[in-house]
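J.: Just dropping this structure here.
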Number of protein chains: 2
Amino acid sequence: MSFDSTATEIFDKQMKLTCSQSDLNAHLSSVSRAVPSRPAHPILGNVLLEADEAAQTVKLTAFDHSLGLQASFPAQVSETSAVALPARLLNDLVARLPEGELTLSCAPVEADKLEGGVLGTIVHTSGRYQLRGTSAKEFPELPAVAGEPIDLEAAMLAEGLAATLFAASPDETKQVLTGVHLTQPEGGLEFAATDGHRLVVVETTSEEDVPPSAGPTLAVTIPARALRELERMLSSCEPGERVMFRADDRQVVFEFGNRRLTSRKLDGAYPAYRQLIPQQFERRLTVDRRRLQSSLEVASVMADQKNNIVKFSLDSAGQELSLSVDAQDVGNARESLPAQITGESMDIAFNIRYLMDGLKVLQASEVQIQLNSSTQPAIVTPVGGQKLTYLVMPVQLRK
Amino acid sequence: MSFDSTATEIFDKQMKLTCSQSDLNAHLSSVSRAVPSRPAHPILGNVLLEADEAAQTVKLTAFDHSLGLQASFPAQVSETSAVALPARLLNDLVARLPEGELTLSCAPVEADKLEGGVLGTIVHTSGRYQLRGTSAKEFPELPAVAGEPIDLEAAMLAEGLAATLFAASPDETKQVLTGVHLTQPEGGLEFAATDGHRLVVVETTSEEDVPPSAGPTLAVTIPARALRELERMLSSCEPGERVMFRADDRQVVFEFGNRRLTSRKLDGAYPAYRQLIPQQFERRLTVDRRRLQSSLEVASVMADQKNNIVKFSLDSAGQELSLSVDAQDVGNARESLPAQITGESMDIAFNIRYLMDGLKVLQASEVQIQLNSSTQPAIVTPVGGQKLTYLVMPVQLRK
C-alpha cells in the first residue's frame, strides 16, 4: 500500500457527512459482498468510507486481496476524510434504520489515538449509534489497473455471464478452470467456461454496428467469484449502458456508473476449447426443452451422490427418447418423450446434473443434441436464439 | 403395536390406486413433517399408505413416537391394502411430477418376500417410477386416544397458538416448560407458555354464545413441536371450522376435516402462573408498538450473545422512554421515543430478545408496560384487542 504525505493528513481529519439511508444501505450491502467472512487481516473485515468535500460524494470500498468492490454516491460532506468501519455491524445497523437522512461523523478515540482507534457516530431521527472503527490508513488500496480501456456493452456482458458461470470449476486447485475466459472476436464477446467434464461457449453480438476494433482486444480469464459479483451489479444497469474494462498483467477492472470492480486475473493458458468441439455428427436429436428439463428433474430424485447417471436411449424408428435412472436397492425412474431423431438408435449415459445445469441457461423452446458414439462428446445447443454450445462428456454405460 | 389376524391379510394385498398428483403432494408434504430426520427405527423414515376400497380413500400416516400426523383424501382404490414407502424419496418425487392423475401400485419383491420387501410403482403420463418400500406391518400404529371429545373452534386455537408458542422453552430438559398449557375457563380457551424467564398468557373467547360446558374441560400441557404442526394445519381451515379434541392420561388427539394429529402429553404439574402476575404497579408506560419494535430492532444490532441487554430509562417529566444498548469495544445504540408515563422516572434492564419476541405477537397499535421496581417483573399488554399478558423478568442493571 502506498500513499503520499498530503494524503496522510486526511486520515486525521474528522469526518462529517450527511446522506440518505437508502443510498448508504444499497451501496453498503452491494460493496460488502467483497468483505471476506474470515479475514486474513482484521482490517479487511471493514468497509473503507472516503468522503470527498470537492465532489460532495462518499466512496465505499471492500477488498479481500482478490476481489475489490467500490461505489460512490452523493452526500453533503463538510471535510475530506476517511475511516474504516466494521462491515457487518455497519450493514446490519444501516439496513434497520428507517428511510431518511442520516449523519455520520467520526472522531479519534482519545485513549487510543496512537493505535488509530476511531469512533463512528450515526445520527438518525431520534437515534444515535456508535461503532468502534479503525484509521483508514490501515486499509489497503485497491490495485490501480494500467491497461488501455476497452468499451463493452453491459447487456452483452450480462448475457454471456448468465449462460456460462455455471460451468466453471468450484475447485480452487483447478486454477484457470475456476474462471470464465473472455475473448473478443469481431463485433462481439465470447465467453467460455469448463471444469474439465463439460464446456460451455457463448458468443454475444452487439445490437449496434460495431466497426472492427482498432484498439486492444480482450483475452483474459477472470475468477468466477468476481464475475458473479459483476453479474449482480450489472442487473441494475440501464439498457444501453456501457462498461469500461481494463486489464494489465495481473489485474482487471470493470467500471460503470459510480461503481468499480477489480479482480486478480487467473494465470496460465486457457484450454484451446474450440478444438474440442466436434464438427461432424452421426446423430441428431431435437426435443422440447422444458419437457426434457422436467423429465430430468423428476428422474433426478432417484439419482444420488454415488449414482447420478441418466441413460438416454434414442429410438430412431419410434422417434422417441427414453431416459432412465437406476439407484440399486432404492428405486428407478423411466420417462419417454417424443423427439426428432436422425441417425441410428443408440444408448448413451450422462451425469444428470451436468445436463440439467446446461438446460437451465437455455431460453429456446427446443434443444438439439448432437452425438457420435457413446464415448464421444455430446453437443447441446438451443434451436434459435442464443449462440451457445454446450459440450458434455458422456459417462460409461452400465449394463 | 397390535393388529388382528384379519388385518394381517391386507399387508399381503397388492395395492393399486389412482389419485391426483396435487392431492397426494399436498397431503404427503404435510403429513411428512412428522417423519423424524434421524429415525431411531428405520421404519419411521417411511410414510404409511393405507388404501380403503369401501371408502375409496387413501390415508397417509407419519409418526416419530411422539407426534403422529394423518390425512385422508379421495382415490380410486381397487383393493384394500397398505404399504410403507420412504418418505423423503416419495415426497421429492411426487412434488416434481406434473399435475394430473397418477397410479400407485405395489407388489412384493420376489427375492425378499420373506423380509417384507415391496416395490412401489408410480405411473404418470409418460413416466414410470419405482421405489423400494416395506411391508406395512412393520409400521407402528398411532395411539388410540380414549377420552371424551371436546369441541373447539379452529380460529381460537390458531389465535392462541400464534401468540404463545414463542415463549415455550426449546430446552428438552425443561420438560413441562417445553409445551403450551391449555385450559378452558368459561366460554373460552386459555393458553400459557413460559421458559422460566418470561411468561405469556392468552385468553381467547368464542365469537358464539357458548353455554357453560357440561362436559369435561381442558387442562393439559402439549409439546410445542406438536402444536407448531397443529398451527400449520389450522392455517388451511375454513372460518367457523371446528376441531375435535380428546385426551387420555398419556396422549392427546386433534381431529378436523380428514386430518388427525396425535401427541404425547407432557407430564408434571404446570407452574401456577396466575400467581406470578402482579396486580398492582407503581408505574405505567404506554408507547406506539411499531415504534418500540423498530427501535429495539435497530438497537439489537449492538447486542450480541454476551450482552443482549437493553436499558429502559423512563423520564416521567419529559414523557419519554430512552433505550440504550452497550457493547463494550464494539459500539452502542441510543434511541428515544415519546411515551405516556405515570409514576416516577426509573431505569430498568431487560433481555432485548425477550422484549422483541413478545412485541412480535402483538397486533395492537399501542402497548402498555406496567412496572414496579427494577428487580420486579414487568407486564406487557396490548392496548385493546387481544387478551394477552406478557411477563418479563428484568435483568440486573449495569452502571
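Within each chain, counting starts at residue 1; across the C-alpha cells, chains are named A, B, ... in the order shown, with ligands numbered 1 upward in that order.
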Which polymer residues have any atom within 10 Å of an atom of Ala303 in chain A, counting only C-alpha atoms, with same-chain residues fewer than 2 positions away left out, as a PyMOL selection string?
T.: chain A and resi 298-301+305-310+325-327+330-333+351-353
J.: Produce a file of the selected residues containing N, CA and C atoms, as a tab-separated table (two decimals), in the first residue's frame.
T.:
chain	number	residue	atom	x	y	z
A	298	VAL	N	-37.59	-34.80	-12.50
A	298	VAL	CA	-38.24	-35.90	-11.77
A	298	VAL	C	-37.27	-37.07	-11.61
A	299	ALA	N	-36.65	-37.46	-12.71
A	299	ALA	CA	-35.75	-38.62	-12.68
A	299	ALA	C	-34.59	-38.40	-11.71
A	300	SER	N	-34.18	-37.16	-11.54
A	300	SER	CA	-33.01	-36.89	-10.70
A	300	SER	C	-33.26	-37.22	-9.24
A	301	VAL	N	-34.53	-37.34	-8.84
A	301	VAL	CA	-34.85	-37.72	-7.46
A	301	VAL	C	-34.25	-39.10	-7.16
A	305	GLN	N	-25.56	-39.09	-4.81
A	305	GLN	CA	-24.13	-38.80	-4.96
A	305	GLN	C	-23.41	-39.92	-5.68
A	306	LYS	N	-23.74	-41.14	-5.29
A	306	LYS	CA	-23.00	-42.28	-5.85
A	306	LYS	C	-23.41	-42.59	-7.28
A	307	ASN	N	-24.64	-42.26	-7.58
A	307	ASN	CA	-25.16	-42.71	-8.86
A	307	ASN	C	-25.98	-41.62	-9.52
A	308	ASN	N	-25.30	-40.67	-10.16
A	308	ASN	CA	-26.01	-39.54	-10.74
A	308	ASN	C	-26.08	-39.67	-12.26
A	309	ILE	N	-26.22	-40.90	-12.69
A	309	ILE	CA	-26.18	-41.18	-14.12
A	309	ILE	C	-27.58	-41.32	-14.70
A	310	VAL	N	-27.79	-40.68	-15.84
A	310	VAL	CA	-29.02	-40.89	-16.59
A	310	VAL	C	-28.66	-41.51	-17.93
A	325	VAL	N	-32.98	-43.71	-14.93
A	325	VAL	CA	-32.06	-43.57	-13.80
A	325	VAL	C	-32.29	-44.78	-12.91
A	326	ASP	N	-31.21	-45.44	-12.54
A	326	ASP	CA	-31.32	-46.62	-11.67
A	326	ASP	C	-30.52	-46.44	-10.41
A	327	ALA	N	-31.18	-46.53	-9.26
A	327	ALA	CA	-30.47	-46.45	-7.98
A	327	ALA	C	-30.73	-47.77	-7.27
A	330	VAL	N	-32.84	-48.78	-4.15
A	330	VAL	CA	-33.62	-47.61	-3.75
A	330	VAL	C	-34.80	-47.43	-4.68
A	331	GLY	N	-34.51	-47.45	-5.98
A	331	GLY	CA	-35.60	-47.26	-6.93
A	331	GLY	C	-35.06	-46.96	-8.32
A	332	ASN	N	-35.97	-46.59	-9.20
A	332	ASN	CA	-35.57	-46.22	-10.55
A	332	ASN	C	-36.63	-45.33	-11.17
A	333	ALA	N	-36.25	-44.68	-12.26
A	333	ALA	CA	-37.18	-43.78	-12.96
A	333	ALA	C	-37.03	-44.01	-14.45
A	351	ASN	N	-23.86	-37.58	-16.80
A	351	ASN	CA	-24.09	-37.07	-15.45
A	351	ASN	C	-25.35	-36.22	-15.53
A	352	ILE	N	-26.39	-36.63	-14.79
A	352	ILE	CA	-27.70	-35.97	-14.95
A	352	ILE	C	-27.63	-34.49	-14.56
A	353	ARG	N	-26.80	-34.14	-13.59
A	353	ARG	CA	-26.74	-32.75	-13.14
A	353	ARG	C	-26.07	-31.86	-14.18
J.: At most 9 Å is the cut-off: for each residue in chain A with any atom that close to an atom of chain B, write down the nearest atom pair and the distance in Å rounded to one decimal, counting only C-alpha atoms, chain first then increasing number, as a Markdown table.
T.:
| residue | atom | partner | partner_atom | distance |
| --- | --- | --- | --- | --- |
| A:Leu89 | CA | B:Val301 | CA | 6.8 |
| A:Leu90 | CA | B:Val301 | CA | 9.0 |
| A:Asp92 | CA | B:Val301 | CA | 6.3 |
| A:Leu93 | CA | B:Val301 | CA | 6.0 |
| A:Val94 | CA | B:Val298 | CA | 8.3 |
| A:Ala95 | CA | B:Val298 | CA | 8.6 |
| A:Arg96 | CA | B:Val298 | CA | 5.4 |
| A:Leu97 | CA | B:Val298 | CA | 6.4 |
| A:Pro98 | CA | B:Ser294 | CA | 8.4 |
| A:Leu119 | CA | B:Gly331 | CA | 8.3 |
| A:Gly120 | CA | B:Gly331 | CA | 8.8 |
| A:Ser126 | CA | B:Ser336 | CA | 5.7 |
| A:Gly127 | CA | B:Glu335 | CA | 4.2 |
| A:Arg128 | CA | B:Arg334 | CA | 5.1 |
| A:Tyr129 | CA | B:Ala333 | CA | 4.4 |
| A:Gln130 | CA | B:Gly331 | CA | 5.0 |
| A:Leu131 | CA | B:Gly331 | CA | 4.2 |
| A:Arg132 | CA | B:Val330 | CA | 5.3 |
| A:Gly133 | CA | B:Val330 | CA | 8.5 |
| A:Ser294 | CA | B:Arg96 | CA | 7.8 |
| A:Ser295 | CA | B:Gly127 | CA | 8.1 |
| A:Glu297 | CA | B:Arg96 | CA | 6.9 |
| A:Val298 | CA | B:Arg96 | CA | 5.4 |
| A:Ala299 | CA | B:Leu93 | CA | 8.0 |
| A:Ser300 | CA | B:Leu93 | CA | 8.8 |
| A:Val301 | CA | B:Leu93 | CA | 5.9 |
| A:Met302 | CA | B:Leu89 | CA | 7.6 |
| A:Asp329 | CA | B:Arg132 | CA | 6.5 |
| A:Val330 | CA | B:Arg132 | CA | 5.3 |
| A:Gly331 | CA | B:Leu131 | CA | 4.2 |
| A:Asn332 | CA | B:Gln130 | CA | 5.2 |
| A:Ala333 | CA | B:Tyr129 | CA | 4.3 |
| A:Arg334 | CA | B:Arg128 | CA | 5.1 |
| A:Glu335 | CA | B:Gly127 | CA | 4.2 |
| A:Ser336 | CA | B:Ser126 | CA | 5.7 |
| A:Leu337 | CA | B:Ser126 | CA | 7.3 |
J.: Where does DSSP see helix (DSSP H, G or I) in range 75-316 of chain B, if you list the residues as number ranges by chain?
T.: B: 87-96, 110-115, 136-138, 154-167, 172-178, 224-234, 273-276, 289-302
J.: Leaving out Leu391 in chain A and any residue of its chain fewer than 2 positions from it, which residues lie within 9 Å of it when counting only C-alpha atoms, given as a list in words?
T.: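 What passes the distance filter is His197, Arg198, Leu199, Val200, Val201, Leu276, Ile277, Pro377, Ala378, Ile379, Val380, Thr381, Thr389 and Met393 of chain A.
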J.: How would the residues just picked look written out with N, CA, C and O atoms as a PDB file, in the first residue's frame?
T.:
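Result went into part-v9.pdb, see below:
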ATOM      1  N   HIS A 197     -15.143 -31.488 -17.366  1.00  0.00           N
ATOM      2  CA  HIS A 197     -16.141 -32.518 -17.708  1.00  0.00           C
ATOM      3  C   HIS A 197     -17.169 -31.995 -18.700  1.00  0.00           C
ATOM      4  O   HIS A 197     -17.765 -32.759 -19.444  1.00  0.00           O
ATOM      5  N   ARG A 198     -17.388 -30.670 -18.638  1.00  0.00           N
ATOM      6  CA  ARG A 198     -18.327 -30.073 -19.578  1.00  0.00           C
ATOM      7  C   ARG A 198     -17.808 -28.691 -19.873  1.00  0.00           C
ATOM      8  O   ARG A 198     -17.101 -28.084 -19.055  1.00  0.00           O
ATOM      9  N   LEU A 199     -18.161 -28.198 -21.040  1.00  0.00           N
ATOM     10  CA  LEU A 199     -17.645 -26.919 -21.530  1.00  0.00           C
ATOM     11  C   LEU A 199     -18.807 -26.148 -22.126  1.00  0.00           C
ATOM     12  O   LEU A 199     -19.607 -26.712 -22.863  1.00  0.00           O
ATOM     13  N   VAL A 200     -18.888 -24.858 -21.805  1.00  0.00           N
ATOM     14  CA  VAL A 200     -19.909 -24.033 -22.449  1.00  0.00           C
ATOM     15  C   VAL A 200     -19.226 -22.841 -23.122  1.00  0.00           C
ATOM     16  O   VAL A 200     -18.302 -22.249 -22.566  1.00  0.00           O
ATOM     17  N   VAL A 201     -19.650 -22.548 -24.333  1.00  0.00           N
ATOM     18  CA  VAL A 201     -19.124 -21.405 -25.084  1.00  0.00           C
ATOM     19  C   VAL A 201     -20.307 -20.573 -25.558  1.00  0.00           C
ATOM     20  O   VAL A 201     -21.255 -21.124 -26.137  1.00  0.00           O
ATOM     21  N   LEU A 276     -11.884 -28.797 -29.200  1.00  0.00           N
ATOM     22  CA  LEU A 276     -12.550 -29.925 -28.538  1.00  0.00           C
ATOM     23  C   LEU A 276     -13.945 -30.162 -29.106  1.00  0.00           C
ATOM     24  O   LEU A 276     -14.524 -31.229 -28.893  1.00  0.00           O
ATOM     25  N   ILE A 277     -14.484 -29.173 -29.787  1.00  0.00           N
ATOM     26  CA  ILE A 277     -15.876 -29.261 -30.239  1.00  0.00           C
ATOM     27  C   ILE A 277     -15.925 -29.963 -31.593  1.00  0.00           C
ATOM     28  O   ILE A 277     -15.398 -29.449 -32.577  1.00  0.00           O
ATOM     29  N   PRO A 377     -17.913 -36.872 -27.090  1.00  0.00           N
ATOM     30  CA  PRO A 377     -18.676 -35.728 -26.531  1.00  0.00           C
ATOM     31  C   PRO A 377     -20.004 -35.508 -27.247  1.00  0.00           C
ATOM     32  O   PRO A 377     -20.129 -35.703 -28.454  1.00  0.00           O
ATOM     33  N   ALA A 378     -20.978 -35.084 -26.469  1.00  0.00           N
ATOM     34  CA  ALA A 378     -22.274 -34.670 -26.992  1.00  0.00           C
ATOM     35  C   ALA A 378     -22.305 -33.148 -27.008  1.00  0.00           C
ATOM     36  O   ALA A 378     -21.741 -32.507 -26.120  1.00  0.00           O
ATOM     37  N   ILE A 379     -22.949 -32.578 -28.006  1.00  0.00           N
ATOM     38  CA  ILE A 379     -23.039 -31.126 -28.123  1.00  0.00           C
ATOM     39  C   ILE A 379     -24.507 -30.712 -28.019  1.00  0.00           C
ATOM     40  O   ILE A 379     -25.337 -31.123 -28.837  1.00  0.00           O
ATOM     41  N   VAL A 380     -24.794 -29.902 -27.005  1.00  0.00           N
ATOM     42  CA  VAL A 380     -26.153 -29.423 -26.761  1.00  0.00           C
ATOM     43  C   VAL A 380     -26.224 -27.976 -27.223  1.00  0.00           C
ATOM     44  O   VAL A 380     -25.374 -27.161 -26.830  1.00  0.00           O
ATOM     45  N   THR A 381     -27.209 -27.648 -28.055  1.00  0.00           N
ATOM     46  CA  THR A 381     -27.362 -26.262 -28.496  1.00  0.00           C
ATOM     47  C   THR A 381     -28.845 -25.891 -28.515  1.00  0.00           C
ATOM     48  O   THR A 381     -29.699 -26.742 -28.772  1.00  0.00           O
ATOM     49  N   THR A 389     -22.983 -23.165 -27.180  1.00  0.00           N
ATOM     50  CA  THR A 389     -22.571 -24.539 -27.438  1.00  0.00           C
ATOM     51  C   THR A 389     -22.188 -25.160 -26.114  1.00  0.00           C
ATOM     52  O   THR A 389     -21.321 -24.621 -25.412  1.00  0.00           O
ATOM     53  N   MET A 393     -19.190 -34.489 -21.766  1.00  0.00           N
ATOM     54  CA  MET A 393     -18.588 -35.822 -21.955  1.00  0.00           C
ATOM     55  C   MET A 393     -19.558 -36.861 -21.409  1.00  0.00           C
ATOM     56  O   MET A 393     -20.055 -36.720 -20.293  1.00  0.00           O
TER      57      MET A 393
END
J.: Would you mind listing what lies within 9 Å of Cys19 in chain B as JSON, numbers by chain, with only C-alpha atoms counted and same-chain residues fewer than 4 positions away left out?
T.: {"B": [23, 24, 58, 73, 74, 75, 76, 77, 100, 101, 102, 103, 104]}
J.: Would you mind listing what lies within 12 Å of range 41-44 of chain B as a ChimeraX atom specification, with only C-alpha atoms counted and same-chain residues fewer than 2 positions away left out?
T.: /B:32-39,46-48,61-68,83-88,116,133-142
J.: List the spatial neighbours of Phe191 in chain B as a tab-separated table (two decimals) with N, CA and C atoms, in the first residue's frame - criterion: any atom at most 7 Å away, only C-alpha atoms, same-chain residues fewer than 6 positions off excluded.
T.:
chain	number	residue	atom	x	y	z
B	160	GLY	N	-54.61	-18.45	19.73
B	160	GLY	CA	-53.86	-18.67	20.96
B	160	GLY	C	-52.46	-19.20	20.70
B	164	THR	N	-48.54	-17.58	21.65
B	164	THR	CA	-47.86	-18.18	22.80
B	164	THR	C	-46.70	-19.12	22.49
B	180	VAL	N	-47.05	-25.91	25.71
B	180	VAL	CA	-48.03	-24.85	25.96
B	180	VAL	C	-49.13	-25.50	26.80
B	181	HIS	N	-49.53	-24.79	27.85
B	181	HIS	CA	-50.56	-25.30	28.76
B	181	HIS	C	-51.91	-24.76	28.33
B	182	LEU	N	-52.84	-25.66	28.06
B	182	LEU	CA	-54.18	-25.26	27.63
B	182	LEU	C	-55.19	-25.54	28.72
B	183	THR	N	-56.01	-24.54	29.04
B	183	THR	CA	-57.12	-24.73	29.97
B	183	THR	C	-58.36	-24.10	29.36
B	201	VAL	N	-49.56	-15.34	28.63
B	201	VAL	CA	-50.88	-15.93	28.86
B	201	VAL	C	-51.85	-15.25	27.91
B	202	VAL	N	-52.60	-16.07	27.17
B	202	VAL	CA	-53.58	-15.53	26.22
B	202	VAL	C	-54.93	-16.15	26.48
B	203	GLU	N	-55.96	-15.33	26.57
B	203	GLU	CA	-57.33	-15.84	26.70
B	203	GLU	C	-58.05	-15.54	25.40
J.: By how many Å are CA of Arg260 in chain A and CA of Leu388 in chain A apart?
T.: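 Value for the CA of Arg260 in chain A-CA of Leu388 in chain A distance: 28.6 Å.
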J.: Could you please determine the separation between CA of Leu49 in chain B and CA of Gln21 in chain B in Å, to one decimal place?
T.: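 If I compute the distance from CA of Leu49 in chain B to CA of Gln21 in chain B, I get 14.8 Å.
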J.: Hey, can you check how far CA of Asp195 in chain A sits from CA of Ser169 in chain A?
T.: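 So the answer is 4.5 Å.
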J.: Please, which residues of range 119-332 of chain B, numbered as in this document, come out strand (DSSP E or B) from DSSP, as JSON, numbers by chain?
T.: {"B": [119, 120, 121, 122, 123, 124, 127, 128, 129, 130, 131, 132, 133, 134, 135, 150, 151, 152, 153, 179, 180, 181, 182, 183, 188, 189, 190, 191, 192, 193, 194, 198, 199, 200, 201, 202, 203, 204, 205, 219, 220, 221, 222, 223, 242, 243, 244, 245, 246, 247, 251, 252, 253, 254, 255, 256, 259, 260, 261, 262, 263, 264, 283, 284, 285, 286, 287, 288, 309, 310, 311, 312, 313, 314, 315, 320, 321, 322, 323, 324, 325, 326, 327, 331, 332]}
J.: If we count only C-alpha atoms and set the cut-off at 12 Å, which residues sit around Val252 in chain A, ignoring sequence neighbours fewer than 2 positions away in its own chain? Please answer as a ChimeraX atom specification.
T.: /A:66-68,142-150,182,218-223,226-227,230,244-250,254-255,260-266
J.: For the selection you just gave me, I'd like the residues written to a file as an mmCIF file, in the first residue's frame, keeping N, CA and C atoms.
T.:
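The new file result-v4.cif reads:
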data_model
loop_
_atom_site.group_PDB
_atom_site.id
_atom_site.type_symbol
_atom_site.label_atom_id
_atom_site.label_comp_id
_atom_site.auth_asym_id
_atom_site.auth_seq_id
_atom_site.Cartn_x
_atom_site.Cartn_y
_atom_site.Cartn_z
ATOM 1 N N SER A 66 -8.307 -10.237 -3.491
ATOM 2 C CA SER A 66 -8.544 -10.901 -4.769
ATOM 3 C C SER A 66 -9.591 -10.103 -5.543
ATOM 4 N N LEU A 67 -10.701 -9.855 -4.876
ATOM 5 C CA LEU A 67 -11.814 -9.087 -5.437
ATOM 6 C C LEU A 67 -11.935 -7.771 -4.676
ATOM 7 N N GLY A 68 -12.132 -6.670 -5.411
ATOM 8 C CA GLY A 68 -12.364 -5.383 -4.771
ATOM 9 C C GLY A 68 -13.618 -4.751 -5.335
ATOM 10 N N LEU A 142 -7.007 -0.400 -3.336
ATOM 11 C CA LEU A 142 -7.345 -1.299 -4.433
ATOM 12 C C LEU A 142 -6.263 -1.173 -5.504
ATOM 13 N N PRO A 143 -5.977 -2.256 -6.231
ATOM 14 C CA PRO A 143 -4.956 -2.157 -7.271
ATOM 15 C C PRO A 143 -5.354 -1.145 -8.348
ATOM 16 N N ALA A 144 -4.361 -0.368 -8.814
ATOM 17 C CA ALA A 144 -4.587 0.502 -9.977
ATOM 18 C C ALA A 144 -4.303 -0.351 -11.201
ATOM 19 N N VAL A 145 -5.175 -0.289 -12.182
ATOM 20 C CA VAL A 145 -5.011 -1.154 -13.354
ATOM 21 C C VAL A 145 -4.673 -0.290 -14.553
ATOM 22 N N ALA A 146 -3.505 -0.570 -15.164
ATOM 23 C CA ALA A 146 -2.915 0.380 -16.103
ATOM 24 C C ALA A 146 -3.303 0.223 -17.565
ATOM 25 N N GLY A 147 -4.008 -0.816 -17.947
ATOM 26 C CA GLY A 147 -4.188 -1.104 -19.370
ATOM 27 C C GLY A 147 -5.037 -0.092 -20.119
ATOM 28 N N GLU A 148 -5.064 -0.241 -21.441
ATOM 29 C CA GLU A 148 -5.910 0.580 -22.307
ATOM 30 C C GLU A 148 -7.377 0.245 -22.062
ATOM 31 N N PRO A 149 -8.235 1.254 -22.034
ATOM 32 C CA PRO A 149 -9.654 0.942 -21.778
ATOM 33 C C PRO A 149 -10.318 0.279 -22.987
ATOM 34 N N ILE A 150 -11.173 -0.681 -22.720
ATOM 35 C CA ILE A 150 -11.985 -1.346 -23.741
ATOM 36 C C ILE A 150 -13.444 -1.122 -23.365
ATOM 37 N N LEU A 182 -12.695 -14.793 -21.334
ATOM 38 C CA LEU A 182 -13.341 -13.809 -22.210
ATOM 39 C C LEU A 182 -12.419 -13.458 -23.368
ATOM 40 N N LEU A 218 -9.653 -8.227 -26.078
ATOM 41 C CA LEU A 218 -9.707 -8.987 -24.859
ATOM 42 C C LEU A 218 -9.180 -10.403 -25.034
ATOM 43 N N ALA A 219 -8.485 -10.909 -24.032
ATOM 44 C CA ALA A 219 -8.198 -12.341 -23.936
ATOM 45 C C ALA A 219 -7.741 -12.544 -22.511
ATOM 46 N N VAL A 220 -8.675 -12.910 -21.658
ATOM 47 C CA VAL A 220 -8.378 -12.915 -20.218
ATOM 48 C C VAL A 220 -9.251 -13.947 -19.508
ATOM 49 N N THR A 221 -8.723 -14.538 -18.433
ATOM 50 C CA THR A 221 -9.505 -15.472 -17.614
ATOM 51 C C THR A 221 -9.690 -14.833 -16.245
ATOM 52 N N ILE A 222 -10.949 -14.692 -15.840
ATOM 53 C CA ILE A 222 -11.289 -13.973 -14.613
ATOM 54 C C ILE A 222 -11.996 -14.917 -13.646
ATOM 55 N N PRO A 223 -11.636 -14.888 -12.356
ATOM 56 C CA PRO A 223 -12.283 -15.806 -11.400
ATOM 57 C C PRO A 223 -13.808 -15.696 -11.412
ATOM 58 N N ALA A 226 -15.563 -13.281 -8.869
ATOM 59 C CA ALA A 226 -15.598 -11.865 -9.240
ATOM 60 C C ALA A 226 -16.676 -11.628 -10.290
ATOM 61 N N LEU A 227 -16.793 -12.555 -11.236
ATOM 62 C CA LEU A 227 -17.774 -12.368 -12.307
ATOM 63 C C LEU A 227 -19.197 -12.534 -11.793
ATOM 64 N N LEU A 230 -19.941 -9.221 -10.530
ATOM 65 C CA LEU A 230 -20.169 -8.336 -11.666
ATOM 66 C C LEU A 230 -21.578 -8.560 -12.221
ATOM 67 N N MET A 244 -16.622 0.081 -18.811
ATOM 68 C CA MET A 244 -15.239 0.308 -19.217
ATOM 69 C C MET A 244 -14.393 -0.784 -18.596
ATOM 70 N N PHE A 245 -13.657 -1.488 -19.435
ATOM 71 C CA PHE A 245 -12.834 -2.601 -18.971
ATOM 72 C C PHE A 245 -11.370 -2.283 -19.208
ATOM 73 N N ARG A 246 -10.542 -2.662 -18.233
ATOM 74 C CA ARG A 246 -9.088 -2.523 -18.419
ATOM 75 C C ARG A 246 -8.418 -3.733 -17.798
ATOM 76 N N ALA A 247 -7.284 -4.137 -18.393
ATOM 77 C CA ALA A 247 -6.542 -5.262 -17.839
ATOM 78 C C ALA A 247 -5.062 -4.973 -17.934
ATOM 79 N N ASP A 248 -4.303 -5.373 -16.915
ATOM 80 C CA ASP A 248 -2.852 -5.390 -17.059
ATOM 81 C C ASP A 248 -2.396 -6.825 -16.830
ATOM 82 N N ASP A 249 -1.150 -7.052 -16.508
ATOM 83 C CA ASP A 249 -0.697 -8.442 -16.469
ATOM 84 C C ASP A 249 -1.199 -9.207 -15.240
ATOM 85 N N ARG A 250 -1.728 -8.488 -14.239
ATOM 86 C CA ARG A 250 -2.151 -9.194 -13.033
ATOM 87 C C ARG A 250 -3.618 -8.984 -12.660
ATOM 88 N N PHE A 254 -13.467 -3.443 -13.989
ATOM 89 C CA PHE A 254 -14.704 -3.086 -14.692
ATOM 90 C C PHE A 254 -15.252 -1.844 -13.995
ATOM 91 N N GLU A 255 -15.587 -0.822 -14.784
ATOM 92 C CA GLU A 255 -16.144 0.415 -14.204
ATOM 93 C C GLU A 255 -17.401 0.838 -14.951
ATOM 94 N N ARG A 260 -17.199 0.193 -9.296
ATOM 95 C CA ARG A 260 -15.919 -0.319 -9.777
ATOM 96 C C ARG A 260 -15.695 -1.701 -9.180
ATOM 97 N N LEU A 261 -15.254 -2.638 -10.038
ATOM 98 C CA LEU A 261 -14.915 -3.979 -9.572
ATOM 99 C C LEU A 261 -13.508 -4.284 -10.052
ATOM 100 N N THR A 262 -12.626 -4.644 -9.116
ATOM 101 C CA THR A 262 -11.288 -5.091 -9.520
ATOM 102 C C THR A 262 -11.149 -6.559 -9.150
ATOM 103 N N SER A 263 -10.350 -7.269 -9.947
ATOM 104 C CA SER A 263 -10.107 -8.668 -9.619
ATOM 105 C C SER A 263 -8.735 -9.073 -10.131
ATOM 106 N N ARG A 264 -8.099 -9.973 -9.409
ATOM 107 C CA ARG A 264 -6.891 -10.574 -9.948
ATOM 108 C C ARG A 264 -7.303 -11.422 -11.155
ATOM 109 N N LYS A 265 -6.380 -11.593 -12.081
ATOM 110 C CA LYS A 265 -6.617 -12.478 -13.221
ATOM 111 C C LYS A 265 -6.187 -13.885 -12.829
ATOM 112 N N LEU A 266 -6.620 -14.880 -13.605
ATOM 113 C CA LEU A 266 -6.131 -16.247 -13.401
ATOM 114 C C LEU A 266 -4.979 -16.487 -14.361
#
